file protein_6.cif (mmCIF, C-alpha atoms and all ligand atoms)
data_final
loop_
_atom_site.label_atom_id
_atom_site.label_comp_id
_atom_site.auth_asym_id
_atom_site.auth_seq_id
_atom_site.Cartn_x
_atom_site.Cartn_y
_atom_site.Cartn_z
CA MET A 1 206.74 21.84 99.85
CA ASP A 2 208.55 18.83 98.52
CA ASN A 3 206.22 15.98 99.39
CA ASP A 4 204.81 15.64 95.91
CA GLN A 5 204.43 11.87 96.23
CA HIS A 6 201.61 11.13 98.60
CA ASP A 7 200.52 7.85 100.13
CA GLU A 8 198.09 7.19 97.33
CA SER A 9 200.98 6.99 94.83
CA PRO A 10 200.38 3.72 92.96
CA ARG A 11 204.11 3.15 92.80
CA TYR A 12 204.66 2.78 96.50
CA GLU A 13 204.95 -0.79 97.68
CA ALA A 14 206.14 -1.98 101.05
CA LEU A 15 209.27 -4.11 100.87
CA ALA A 16 209.30 -7.66 102.18
CA VAL A 17 212.12 -10.09 102.93
CA ASP A 18 211.33 -12.06 99.79
CA THR A 19 210.98 -9.06 97.44
CA LEU A 20 213.81 -6.81 98.59
CA ALA A 21 216.62 -8.42 96.57
CA ALA A 22 214.65 -8.25 93.34
CA ARG A 23 213.68 -4.65 93.97
CA LEU A 24 217.05 -3.28 95.11
CA GLY A 25 219.41 -5.79 93.50
CA ASP A 26 220.16 -3.57 90.51
CA VAL A 27 220.59 -0.35 92.49
CA HIS A 28 224.31 0.33 92.22
CA GLU A 29 224.61 2.12 95.58
CA VAL A 30 223.18 -0.97 97.27
CA ALA A 31 224.57 -3.81 95.16
CA SER A 32 228.14 -2.50 95.22
CA ARG A 33 228.17 -2.38 99.03
CA VAL A 34 226.39 -5.67 99.63
CA GLY A 35 228.13 -7.65 96.89
CA GLY A 36 227.45 -11.01 95.26
CA ASP A 37 224.30 -12.29 93.65
CA PRO A 38 221.25 -10.50 95.07
CA ALA A 39 219.40 -13.81 95.01
CA SER A 40 221.78 -15.05 97.69
CA TRP A 41 221.63 -11.96 99.93
CA GLU A 42 220.74 -12.65 103.52
CA ILE A 43 217.84 -10.36 104.41
CA ARG A 44 216.37 -9.88 107.89
CA GLU A 45 213.58 -7.56 108.94
CA VAL A 46 214.67 -6.18 112.30
CA GLY A 47 212.42 -3.17 112.85
CA ASP A 48 211.62 -3.03 116.54
CA GLY A 49 210.66 0.63 116.56
CA ASN A 50 207.16 1.99 116.50
CA LEU A 51 206.76 3.10 112.90
CA ASN A 52 208.82 1.60 110.07
CA LEU A 53 210.23 -1.41 108.27
CA VAL A 54 213.97 -1.93 108.81
CA PHE A 55 215.98 -4.60 106.98
CA ILE A 56 219.59 -5.68 107.34
CA VAL A 57 220.87 -6.88 103.98
CA THR A 58 224.11 -8.89 103.87
CA GLY A 59 226.11 -10.18 100.92
CA THR A 60 229.68 -11.13 100.07
CA ALA A 61 231.01 -7.55 100.40
CA GLY A 62 229.16 -6.30 103.45
CA SER A 63 225.86 -5.18 104.94
CA VAL A 64 223.55 -2.21 104.61
CA VAL A 65 220.38 -1.15 106.39
CA VAL A 66 217.22 -0.45 104.39
CA LYS A 67 214.56 1.61 106.12
CA GLN A 68 211.13 2.16 104.63
CA ALA A 69 208.14 4.03 105.97
CA LEU A 70 204.81 2.24 106.17
CA PRO A 71 201.62 4.19 105.44
CA TYR A 72 200.50 3.65 109.03
CA VAL A 73 201.90 3.48 112.57
CA ARG A 74 203.40 0.03 112.85
CA MET A 75 202.90 -0.37 116.60
CA VAL A 76 199.18 0.37 116.29
CA GLY A 77 198.29 -0.88 112.80
CA GLU A 78 196.41 0.38 109.77
CA SER A 79 193.81 2.05 111.94
CA TRP A 80 196.38 4.86 112.46
CA PRO A 81 197.43 6.06 109.00
CA LEU A 82 200.65 8.05 108.75
CA PRO A 83 201.93 9.78 105.58
CA LEU A 84 204.85 8.19 103.78
CA TYR A 85 206.44 11.59 103.18
CA ARG A 86 207.82 11.46 106.73
CA ALA A 87 210.65 9.30 105.34
CA HIS A 88 211.73 12.18 103.11
CA PHE A 89 212.20 14.36 106.17
CA GLU A 90 214.13 11.67 107.99
CA TYR A 91 216.47 11.51 105.01
CA TYR A 92 216.81 15.32 104.92
CA ALA A 93 217.57 15.28 108.64
CA LEU A 94 220.26 12.60 108.30
CA VAL A 95 221.98 14.59 105.57
CA ARG A 96 221.94 17.76 107.67
CA GLN A 97 223.13 15.98 110.82
CA ALA A 98 226.04 14.46 108.89
CA LYS A 99 227.22 18.00 108.09
CA ARG A 100 226.47 19.55 111.45
CA ALA A 101 227.75 16.74 113.70
CA PRO A 102 230.02 14.58 111.51
CA ASN A 103 230.49 10.85 112.16
CA ILE A 104 227.56 10.44 114.52
CA ALA A 105 224.59 9.82 112.24
CA PRO A 106 224.72 6.81 109.91
CA GLU A 107 225.86 7.57 106.37
CA VAL A 108 223.08 7.43 103.76
CA PHE A 109 223.93 5.75 100.45
CA TYR A 110 220.66 5.88 98.55
CA PHE A 111 217.25 7.54 98.76
CA ASP A 112 214.10 6.54 96.86
CA LYS A 113 211.52 9.20 97.45
CA PRO A 114 208.37 7.56 95.98
CA GLN A 115 209.13 4.35 97.83
CA ALA A 116 209.74 6.32 101.06
CA LEU A 117 212.93 4.36 101.65
CA PHE A 118 216.61 4.97 102.12
CA VAL A 119 219.64 2.75 102.43
CA MET A 120 222.29 3.51 105.00
CA GLU A 121 225.37 2.35 106.84
CA TYR A 122 225.01 -0.81 108.92
CA LEU A 123 226.36 0.01 112.35
CA TYR A 124 228.22 -3.00 113.68
CA PRO A 125 228.95 -4.20 116.34
CA HIS A 126 226.84 -1.39 117.77
CA THR A 127 223.70 -2.25 119.70
CA ILE A 128 220.80 -0.14 120.91
CA LEU A 129 221.88 1.88 123.96
CA ARG A 130 218.67 1.16 125.87
CA ARG A 131 219.51 -2.56 125.87
CA LYS A 132 223.00 -1.81 127.13
CA LEU A 133 221.64 0.34 129.95
CA ILE A 134 219.25 -2.41 130.98
CA LYS A 135 222.12 -4.94 130.93
CA GLY A 136 224.38 -2.66 132.96
CA GLU A 137 227.00 -2.06 130.26
CA ARG A 138 229.13 1.07 130.19
CA VAL A 139 229.93 3.14 127.10
CA ALA A 140 232.99 5.37 127.08
CA ARG A 141 232.30 9.09 126.50
CA LEU A 142 228.55 8.53 126.20
CA GLY A 143 227.49 11.76 127.91
CA GLU A 144 230.23 13.76 126.19
CA THR A 145 229.22 12.54 122.73
CA ILE A 146 225.52 13.13 123.21
CA GLY A 147 226.13 16.57 124.73
CA GLN A 148 228.36 17.49 121.79
CA PHE A 149 225.88 16.12 119.27
CA CYS A 150 223.10 18.21 120.81
CA ALA A 151 225.26 21.35 120.92
CA ARG A 152 226.54 20.97 117.35
CA THR A 153 223.16 20.28 115.81
CA ALA A 154 221.49 23.00 117.91
CA PHE A 155 224.08 25.65 117.10
CA ARG A 156 224.82 24.79 113.48
CA GLY A 157 221.14 24.39 112.61
CA SER A 158 220.27 27.83 113.92
CA GLU A 159 220.67 31.41 112.77
CA LEU A 160 223.60 31.71 115.14
CA SER A 161 225.45 29.94 112.37
CA LEU A 162 223.44 29.32 109.19
CA PRO A 163 222.80 32.07 106.64
CA SER A 164 219.34 33.35 107.43
CA PRO A 165 217.76 32.64 103.99
CA GLU A 166 219.04 29.06 104.06
CA LYS A 167 217.66 28.47 107.54
CA LYS A 168 214.30 30.07 106.75
CA GLN A 169 213.95 28.01 103.60
CA ASP A 170 214.70 24.88 105.56
CA VAL A 171 212.08 25.78 108.16
CA GLY A 172 209.67 26.13 105.23
CA LEU A 173 210.65 22.72 103.88
CA PHE A 174 210.29 20.98 107.23
CA SER A 175 206.96 22.67 107.91
CA GLY A 176 205.57 20.29 105.27
CA ASN A 177 206.09 17.45 107.73
CA VAL A 178 202.83 18.00 109.57
CA ALA A 179 202.00 14.49 110.74
CA ILE A 180 205.09 13.80 112.81
CA PRO A 181 205.04 16.88 115.09
CA ALA A 182 201.36 16.15 115.72
CA ILE A 183 202.35 12.82 117.29
CA THR A 184 204.85 14.48 119.61
CA GLU A 185 202.41 17.25 120.48
CA SER A 186 199.80 14.79 121.69
CA LEU A 187 201.77 11.75 122.91
CA VAL A 188 204.48 13.73 124.67
CA PHE A 189 202.87 16.97 125.81
CA THR A 190 199.18 16.29 126.28
CA ASP A 191 198.17 12.65 126.64
CA PRO A 192 200.16 11.96 129.83
CA TYR A 193 198.09 14.53 131.68
CA TYR A 194 194.60 13.11 131.10
CA GLY A 195 193.02 9.74 130.44
CA ALA A 196 193.74 9.72 126.70
CA GLU A 197 192.51 6.71 124.77
CA MET A 198 195.85 5.09 123.98
CA ASN A 199 197.41 5.69 127.40
CA HIS A 200 198.29 2.94 129.80
CA HIS A 201 200.21 2.78 133.05
CA THR A 202 201.18 0.30 135.71
CA PRO A 203 198.02 -0.21 137.82
CA GLU A 204 199.80 0.30 141.16
CA LEU A 205 201.02 3.71 139.97
CA SER A 206 197.45 5.06 139.80
CA PRO A 207 197.49 7.14 143.02
CA VAL A 208 200.54 9.07 141.75
CA VAL A 209 199.05 9.44 138.27
CA ASP A 210 195.72 10.70 139.61
CA GLU A 211 197.41 13.33 141.71
CA LEU A 212 199.63 14.42 138.82
CA ARG A 213 196.61 14.85 136.55
CA ARG A 214 194.91 17.03 139.18
CA ASN A 215 197.85 19.45 139.19
CA ALA A 216 196.51 22.34 137.09
CA ARG A 217 199.66 24.43 137.51
CA LEU A 218 201.73 21.58 136.15
CA LYS A 219 199.42 21.13 133.15
CA ALA A 220 199.56 24.86 132.44
CA LYS A 221 203.35 24.81 132.55
CA VAL A 222 203.48 21.85 130.19
CA GLN A 223 201.13 23.61 127.78
CA ARG A 224 203.36 26.68 127.83
CA LEU A 225 206.26 24.42 126.90
CA LEU A 226 204.15 22.90 124.13
CA MET A 227 203.42 26.40 122.88
CA LYS A 228 207.15 27.05 122.71
CA PHE A 229 207.69 23.70 121.01
CA THR A 230 205.13 24.44 118.28
CA ALA A 231 206.03 28.08 117.74
CA ASN A 232 209.79 28.11 118.09
CA THR A 233 211.94 27.21 115.09
CA GLU A 234 215.34 27.92 116.58
CA THR A 235 217.05 24.88 115.14
CA MET A 236 216.57 21.50 113.47
CA LEU A 237 215.93 18.93 116.16
CA HIS A 238 216.50 15.21 116.16
CA GLY A 239 213.10 15.22 117.81
CA ASP A 240 213.18 11.78 119.42
CA LEU A 241 216.57 11.48 121.11
CA HIS A 242 215.84 8.60 123.48
CA SER A 243 218.15 5.69 124.27
CA GLY A 244 216.53 3.61 121.51
CA SER A 245 217.73 6.25 119.04
CA ILE A 246 221.33 5.77 120.14
CA MET A 247 223.53 2.83 119.11
CA ALA A 248 226.85 2.15 120.75
CA THR A 249 229.78 -0.16 121.24
CA ASP A 250 231.87 0.09 124.41
CA THR A 251 233.72 3.01 122.84
CA ASP A 252 231.64 4.45 120.00
CA VAL A 253 228.34 6.31 120.11
CA ARG A 254 226.05 6.94 117.12
CA VAL A 255 222.67 8.63 116.85
CA ILE A 256 220.05 7.10 114.55
CA ASP A 257 216.38 7.56 113.61
CA PRO A 258 215.72 11.29 113.26
CA GLU A 259 212.24 10.46 111.95
CA PHE A 260 210.75 12.99 114.39
CA SER A 261 212.98 15.76 113.14
CA GLN A 262 211.47 19.25 112.99
CA TYR A 263 212.54 22.79 113.69
CA GLY A 264 212.03 23.58 117.37
CA PRO A 265 213.61 24.84 120.58
CA MET A 266 217.33 24.23 121.11
CA ALA A 267 216.73 22.65 124.51
CA PHE A 268 214.46 19.86 123.36
CA ASP A 269 216.94 17.14 122.29
CA LEU A 270 219.15 17.70 125.32
CA GLY A 271 216.17 17.40 127.67
CA MET A 272 214.90 14.27 126.00
CA ALA A 273 218.28 12.52 126.10
CA VAL A 274 218.79 13.34 129.77
CA ALA A 275 215.26 12.12 130.59
CA ASN A 276 216.11 8.75 129.12
CA PHE A 277 219.32 8.56 131.14
CA LEU A 278 217.30 9.41 134.25
CA MET A 279 214.77 6.69 133.46
CA ALA A 280 217.62 4.22 133.04
CA TYR A 281 218.87 5.40 136.46
CA PHE A 282 215.54 5.05 138.27
CA SER A 283 214.81 1.63 136.78
CA GLN A 284 218.16 0.10 137.82
CA PRO A 285 217.07 -1.35 141.20
CA ALA A 286 214.97 -3.82 139.21
CA HIS A 287 217.89 -4.86 137.04
CA ARG A 288 220.78 -5.31 139.52
CA GLN A 289 221.57 -5.18 143.24
CA GLY A 290 224.14 -4.24 145.87
CA ASP A 291 227.48 -2.72 144.94
CA GLU A 292 226.87 -3.32 141.26
CA LEU A 293 223.64 -1.30 141.44
CA ALA A 294 225.26 1.58 143.31
CA ALA A 295 228.23 1.71 140.95
CA TYR A 296 226.11 1.56 137.83
CA GLN A 297 223.68 4.21 139.02
CA ALA A 298 226.64 6.43 139.89
CA TRP A 299 227.96 5.93 136.34
CA ILE A 300 224.63 6.96 134.81
CA LEU A 301 224.69 10.15 136.87
CA GLU A 302 228.20 10.83 135.56
CA VAL A 303 226.83 10.41 132.04
CA ILE A 304 224.12 13.00 132.74
CA GLU A 305 226.60 15.46 134.19
CA ALA A 306 228.94 14.97 131.22
CA CYS A 307 226.08 15.48 128.82
CA PHE A 308 225.28 18.94 130.21
CA THR A 309 228.93 19.89 130.68
CA SER A 310 229.94 18.96 127.17
CA PHE A 311 226.83 20.62 125.70
CA ASP A 312 227.87 23.86 127.38
CA ALA A 313 231.55 23.55 126.46
CA GLU A 314 230.84 22.76 122.82
CA PHE A 315 228.20 25.47 122.52
CA ARG A 316 230.63 28.03 123.98
CA HIS A 317 233.33 26.86 121.58
CA LEU A 318 231.00 27.23 118.58
CA TRP A 319 229.87 30.61 119.89
CA GLN A 320 233.50 31.79 119.75
CA THR A 321 234.44 30.15 116.47
CA GLU A 322 231.34 29.79 114.26
CA ARG A 323 229.02 32.66 115.16
CA THR A 324 228.47 33.73 111.56
CA GLY A 325 224.68 34.11 111.43
CA ILE A 326 222.41 37.08 112.02
CA LEU A 327 222.13 36.42 115.75
CA PHE A 328 224.45 38.13 118.24
CA PRO A 329 226.69 39.36 115.40
CA ARG A 330 230.29 40.24 116.10
CA ALA A 331 229.50 43.72 114.76
CA LEU A 332 227.55 44.34 117.96
CA PHE A 333 230.03 42.78 120.36
CA GLU A 334 233.66 41.88 119.62
CA ASP A 335 234.03 44.47 116.85
CA GLN A 336 233.11 47.16 119.36
CA GLY A 337 235.37 45.79 122.07
CA ASN A 338 232.47 44.14 123.96
CA SER A 339 232.63 40.52 125.01
CA ALA A 340 229.64 38.38 123.99
CA ASP A 341 230.40 35.86 126.73
CA ASP A 342 227.67 37.06 129.09
CA ALA A 343 225.11 36.79 126.30
CA CYS A 344 226.23 33.21 125.70
CA ASP A 345 226.01 32.39 129.41
CA ALA A 346 222.49 33.79 129.58
CA LEU A 347 221.39 31.80 126.52
CA LEU A 348 222.90 28.62 127.94
CA GLU A 349 221.07 29.18 131.20
CA GLU A 350 217.78 29.54 129.33
CA ILE A 351 218.51 26.37 127.34
CA ARG A 352 219.35 24.46 130.55
CA LEU A 353 216.10 25.50 132.24
CA ASP A 354 214.00 24.55 129.22
CA ALA A 355 215.92 21.29 128.82
CA LEU A 356 215.12 20.37 132.43
CA ALA A 357 211.43 21.03 131.87
CA TYR A 358 211.33 19.07 128.59
CA CYS A 359 213.20 16.34 130.44
CA GLY A 360 210.43 16.18 133.05
CA ILE A 361 207.76 15.88 130.35
CA GLU A 362 209.58 13.03 128.60
CA MET A 363 209.91 11.27 132.00
CA HIS A 364 206.13 11.44 132.29
CA ARG A 365 205.09 10.39 128.85
CA ARG A 366 207.26 7.25 128.84
CA VAL A 367 205.33 5.77 131.74
CA LEU A 368 201.90 7.33 131.21
CA SER A 369 201.24 7.73 127.49
CA LEU A 370 201.39 5.28 124.55
CA ALA A 371 205.06 4.46 123.90
CA HIS A 372 206.71 3.22 127.10
CA ASN A 373 210.38 2.55 127.81
CA ALA A 374 211.62 -1.02 128.15
CA ASP A 375 213.73 0.14 131.13
CA PHE A 376 210.54 0.14 133.22
CA GLU A 377 208.23 -1.90 131.02
CA GLU A 378 210.28 -5.08 131.28
CA ILE A 379 210.08 -5.10 135.10
CA GLU A 380 207.67 -7.98 135.67
CA ASP A 381 206.94 -7.28 139.33
CA THR A 382 204.41 -4.50 138.81
CA ALA A 383 204.51 -3.34 142.44
CA LEU A 384 208.26 -2.78 142.16
CA ARG A 385 207.84 -1.22 138.71
CA ALA A 386 205.27 1.24 140.06
CA ARG A 387 207.54 2.15 143.01
CA LEU A 388 210.40 2.99 140.64
CA GLU A 389 208.14 4.73 138.14
CA ALA A 390 206.74 6.88 140.96
CA ARG A 391 210.23 8.23 141.72
CA ASN A 392 210.60 9.05 138.03
CA VAL A 393 207.18 10.72 137.76
CA LEU A 394 207.71 12.83 140.85
CA MET A 395 211.15 13.99 139.82
CA GLY A 396 209.73 14.82 136.40
CA GLN A 397 207.08 16.93 138.09
CA ALA A 398 209.70 18.78 140.13
CA LEU A 399 211.71 19.55 136.99
CA ILE A 400 208.69 20.97 135.18
CA MET A 401 207.43 22.96 138.15
CA GLU A 402 210.75 24.36 139.32
CA PRO A 403 213.56 23.93 136.83
CA ASP A 404 215.24 26.97 138.35
CA ALA A 405 215.66 25.10 141.65
CA VAL A 406 218.40 23.27 139.74
CA ARG A 407 220.89 26.12 139.64
CA GLU A 408 223.80 23.90 138.66
CA ILE A 409 224.06 20.35 137.36
CA PRO A 410 225.31 18.90 140.69
CA ALA A 411 221.92 19.96 142.09
CA LEU A 412 220.22 17.83 139.41
CA ILE A 413 222.33 14.86 140.46
CA GLU A 414 221.40 15.42 144.13
CA LEU A 415 217.73 15.68 143.18
CA ALA A 416 217.89 12.34 141.34
CA GLN A 417 219.62 10.73 144.32
CA ALA A 418 216.96 12.11 146.67
CA TYR A 419 214.09 10.76 144.56
CA ASN A 420 215.91 7.45 144.20
CA ARG A 421 215.79 7.07 148.01
CA GLN A 422 212.16 8.11 148.29
CA ASP A 423 209.21 5.71 148.42
CA VAL A 424 205.70 7.04 148.02
CA LEU A 425 204.11 3.71 147.15
C1 LIG B 501 203.25 6.37 117.45
S1 LIG B 501 204.90 6.70 117.62
C2 LIG B 501 205.21 6.61 119.32
C3 LIG B 501 206.53 7.08 119.71
O1 LIG B 501 207.52 6.30 119.07
C4 LIG B 501 208.56 7.14 118.59
O2 LIG B 501 209.80 6.61 118.87
C5 LIG B 501 208.33 8.48 119.24
O3 LIG B 501 208.97 8.55 120.49
C6 LIG B 501 206.87 8.51 119.37
O4 LIG B 501 206.41 9.42 120.33
MG MG B 502 212.52 5.94 116.28
#
call {"tool": "encode", "arguments": {"input": "protein_6.cif", "output": "structure tokens"}}
result
Amino acid sequence: MDNDQHDESPRYEALAVDTLAARLGDVHEVASRVGGDPASWEIREVGDGNLNLVFIVTGTAGSVVVKQALPYVRMVGESWPLPLYRAHFEYYALVRQAKRAPNIAPEVFYFDKPQALFVMEYLYPHTILRRKLIKGERVARLGETIGQFCARTAFRGSELSLPSPEKKQDVGLFSGNVAIPAITESLVFTDPYYGAEMNHHTPELSPVVDELRRNARLKAKVQRLLMKFTANTETMLHGDLHSGSIMATDTDVRVIDPEFSQYGPMAFDLGMAVANFLMAYFSQPAHRQGDELAAYQAWILEVIEACFTSFDAEFRHLWQTERTGILFPRALFEDQGNSADDACDALLEEIRLDALAYCGIEMHRRVLSLAHNADFEEIEDTALRARLEARNVLMGQALIMEPDAVREIPALIELAQAYNRQDVL
């Protein structure tokens, strides 16, 4: 395990706006990109996520982003300690993503392990996708890019592609990151389904929540998916692929923040991304009306369809061109005159079903557990918010209970449209 510097390291010190220039001003990888006298750098702390410090540093030559872990969960405070070594794994994940899905993750320029910080590319004029979806902005090739990103990282991080010793060693390395998966295991998979301490939900949603939490078959299914999540090391996941982990312009899409990276099931990232598109979809009636609403919701559904379609297409392409690992070797198929296409189809079907179920779980946790989505959370009229959240919760339940009812992606789109018309509150 590589996390030799623990939180108690005396050398760790959180950065601040007024100390950053003095501390990073003589680091070549930073100074050469920012330019000018560090004393005159413009430094802003912009972290709006749940865990870390994030600074944008600007000088005469350009800007960089500095991200540093805090020894606790920022959104909760020092009462919830969190190991600094998580930043090392985020850095490792960024480096691997850059190889496996080039030009999507931000480029990293500098890594300081004891300080749990790294310096990376400033994405501009990109903004957080969640804000764009709330504002009703479109992004070209959004679904295609996210589907491709998920397929490339899933395939190239697995033993379909990687040499087995390299992949197993990496699983060993990432298994040192024990604190981060524990958050996902409880906040995503368990807390939504009982009255956990940090949970909250819109008061008017309570009848739907109470019924959901009485559904023992649902809870058992979610626990089976958790079991798969904890035990399955198929590939290196982003681990938190929500619309706040995506930055975009009108024409460019980038994926940031793999701080929840771990080895896990191939379907997880795809399911999480689609869940966040679905939540954007269900929340739209609070953000716009009439023709604009209908057109924008239709666009989000196109994004979802494209996400699945491009995942499948890219995965099939990699299956044909990069299947160099120990799994489904050519020696067993093509070299003996057998096609491996059916095996690929069957695997993709399994991934789609699991993705739909993980999608349902993410749809639940974002309105029932600790970390909610602004898409719903910023709806001030709580009665309206609860009505829209109910559609989301019930569709999530359907996806977990019966993912195989969605035989093809058009059926998923029809299901979303049906729940979007339905009022239970
Ligand atoms: C305590 S961390 C809460 C959530 O924020 C992150 O973005 C992850 O989604 C995590 O579950
Ligand atoms: Mg994050």
call {"tool": "residues_around", "arguments": {"input": "protein_6.cif", "residues": "Lys228 (chain A)", "least_positions_apart": "6", "cutoff": "12 Å", "atoms": "all atoms listed in the file", "output": "ChimeraX atom specification"}}
result
/A:185,189,221-222,234,263-268,354,357-358
call {"tool": "closest_atom_pairs", "arguments": {"input": "protein_6.cif", "of": "chain A", "to": "ligand LIG 501 (chain B)", "cutoff": "8 Å", "atoms": "only C-alpha atoms and all ligand atoms", "output": "CSV"}}
result
residue,atom,partner,partner_atom,distance
A:Gly49,CA,B:LIG501,O2,6.5
A:Asn50,CA,B:LIG501,O1,5.0
A:Leu51,CA,B:LIG501,S1,6.2
A:Val73,CA,B:LIG501,C1,5.8
A:Arg74,CA,B:LIG501,C1,7.8
A:Met75,CA,B:LIG501,C1,6.8
A:Val76,CA,B:LIG501,C1,7.3
A:Ile183,CA,B:LIG501,O4,6.1
A:Thr184,CA,B:LIG501,O4,5.3
A:Leu187,CA,B:LIG501,O4,5.8
A:Val188,CA,B:LIG501,O4,6.4
A:Asp240,CA,B:LIG501,O3,5.4
A:His242,CA,B:LIG501,O3,7.5
A:Gly244,CA,B:LIG501,O2,7.8
A:Ser245,CA,B:LIG501,O2,7.9
A:Phe260,CA,B:LIG501,C5,7.1
A:Leu370,CA,B:LIG501,C2,6.6
A:Ala371,CA,B:LIG501,C2,5.1
call {"tool": "atom_distance", "arguments": {"input": "protein_6.cif", "atom1": "CA of Ala61 (chain A)", "atom2": "CA of Arg33 (chain A)"}}
result
6.1 Å
call {"tool": "residues_around", "arguments": {"input": "protein_6.cif", "residues": "Thr249 (chain A)", "least_positions_apart": "3", "cutoff": "10 Å", "atoms": "only C-alpha atoms", "output": "list in words"}}
result
Leu123, Tyr124, Pro125, His126, Thr127, Ile128, Leu129, Lys132, Glu137, Arg138, Val139, Ala140, Asp252, Val253 and Arg254 of chain A
call {"tool": "residues_around", "arguments": {"input": "protein_6.cif", "residues": "Val367 (chain A)", "least_positions_apart": "2", "cutoff": "10 Å", "atoms": "all atoms listed in the file", "output": "JSON, numbers by chain"}}
result
{"A": [192, 199, 200, 201, 202, 205, 209, 279, 362, 363, 364, 365, 369, 370, 371, 372, 373, 374, 376, 377, 386, 389, 390, 392, 393]}
call {"tool": "write_last_selection", "arguments": {"input": "protein_6.cif", "atoms": "C-alpha atoms", "output": "PDB file, in the coordinates of the input"}}
result
ATOM      1  CA  PRO A 192     200.160  11.960 129.830  1.00  0.00           C
ATOM      2  CA  ASN A 199     197.410   5.690 127.400  1.00  0.00           C
ATOM      3  CA  HIS A 200     198.290   2.940 129.800  1.00  0.00           C
ATOM      4  CA  HIS A 201     200.210   2.780 133.050  1.00  0.00           C
ATOM      5  CA  THR A 202     201.180   0.300 135.710  1.00  0.00           C
ATOM      6  CA  LEU A 205     201.020   3.710 139.970  1.00  0.00           C
ATOM      7  CA  VAL A 209     199.050   9.440 138.270  1.00  0.00           C
ATOM      8  CA  MET A 279     214.770   6.690 133.460  1.00  0.00           C
ATOM      9  CA  GLU A 362     209.580  13.030 128.600  1.00  0.00           C
ATOM     10  CA  MET A 363     209.910  11.270 132.000  1.00  0.00           C
ATOM     11  CA  HIS A 364     206.130  11.440 132.290  1.00  0.00           C
ATOM     12  CA  ARG A 365     205.090  10.390 128.850  1.00  0.00           C
ATOM     13  CA  SER A 369     201.240   7.730 127.490  1.00  0.00           C
ATOM     14  CA  LEU A 370     201.390   5.280 124.550  1.00  0.00           C
ATOM     15  CA  ALA A 371     205.060   4.460 123.900  1.00  0.00           C
ATOM     16  CA  HIS A 372     206.710   3.220 127.100  1.00  0.00           C
ATOM     17  CA  ASN A 373     210.380   2.550 127.810  1.00  0.00           C
ATOM     18  CA  ALA A 374     211.620  -1.020 128.150  1.00  0.00           C
ATOM     19  CA  PHE A 376     210.540   0.140 133.220  1.00  0.00           C
ATOM     20  CA  GLU A 377     208.230  -1.900 131.020  1.00  0.00           C
ATOM     21  CA  ALA A 386     205.270   1.240 140.060  1.00  0.00           C
ATOM     22  CA  GLU A 389     208.140   4.730 138.140  1.00  0.00           C
ATOM     23  CA  ALA A 390     206.740   6.880 140.960  1.00  0.00           C
ATOM     24  CA  ASN A 392     210.600   9.050 138.030  1.00  0.00           C
ATOM     25  CA  VAL A 393     207.180  10.720 137.760  1.00  0.00           C
TER      26      VAL A 393
END
call {"tool": "residues_near_point", "arguments": {"input": "protein_6.cif", "point": "(214.7, -13.1, 109.7)", "cutoff": "10 Å", "atoms": "all atoms listed in the file", "output": "list in words"}}
result
Val17, Glu42, Ile43, Arg44, Glu45, Val46, Phe55 and Ile56 of chain A
call {"tool": "closest_residue", "arguments": {"input": "protein_6.cif", "among": "A:Gly396, A:Pro410, A:Pro38, A:Gly325", "to": "Arg23 (chain A)", "atoms": "all atoms listed in the file"}}
result
A:Pro38
call {"tool": "atom_distance", "arguments": {"input": "protein_6.cif", "atom1": "CA of Met120 (chain A)", "atom2": "CA of Tyr12 (chain A)"}}
result
19.6 Å
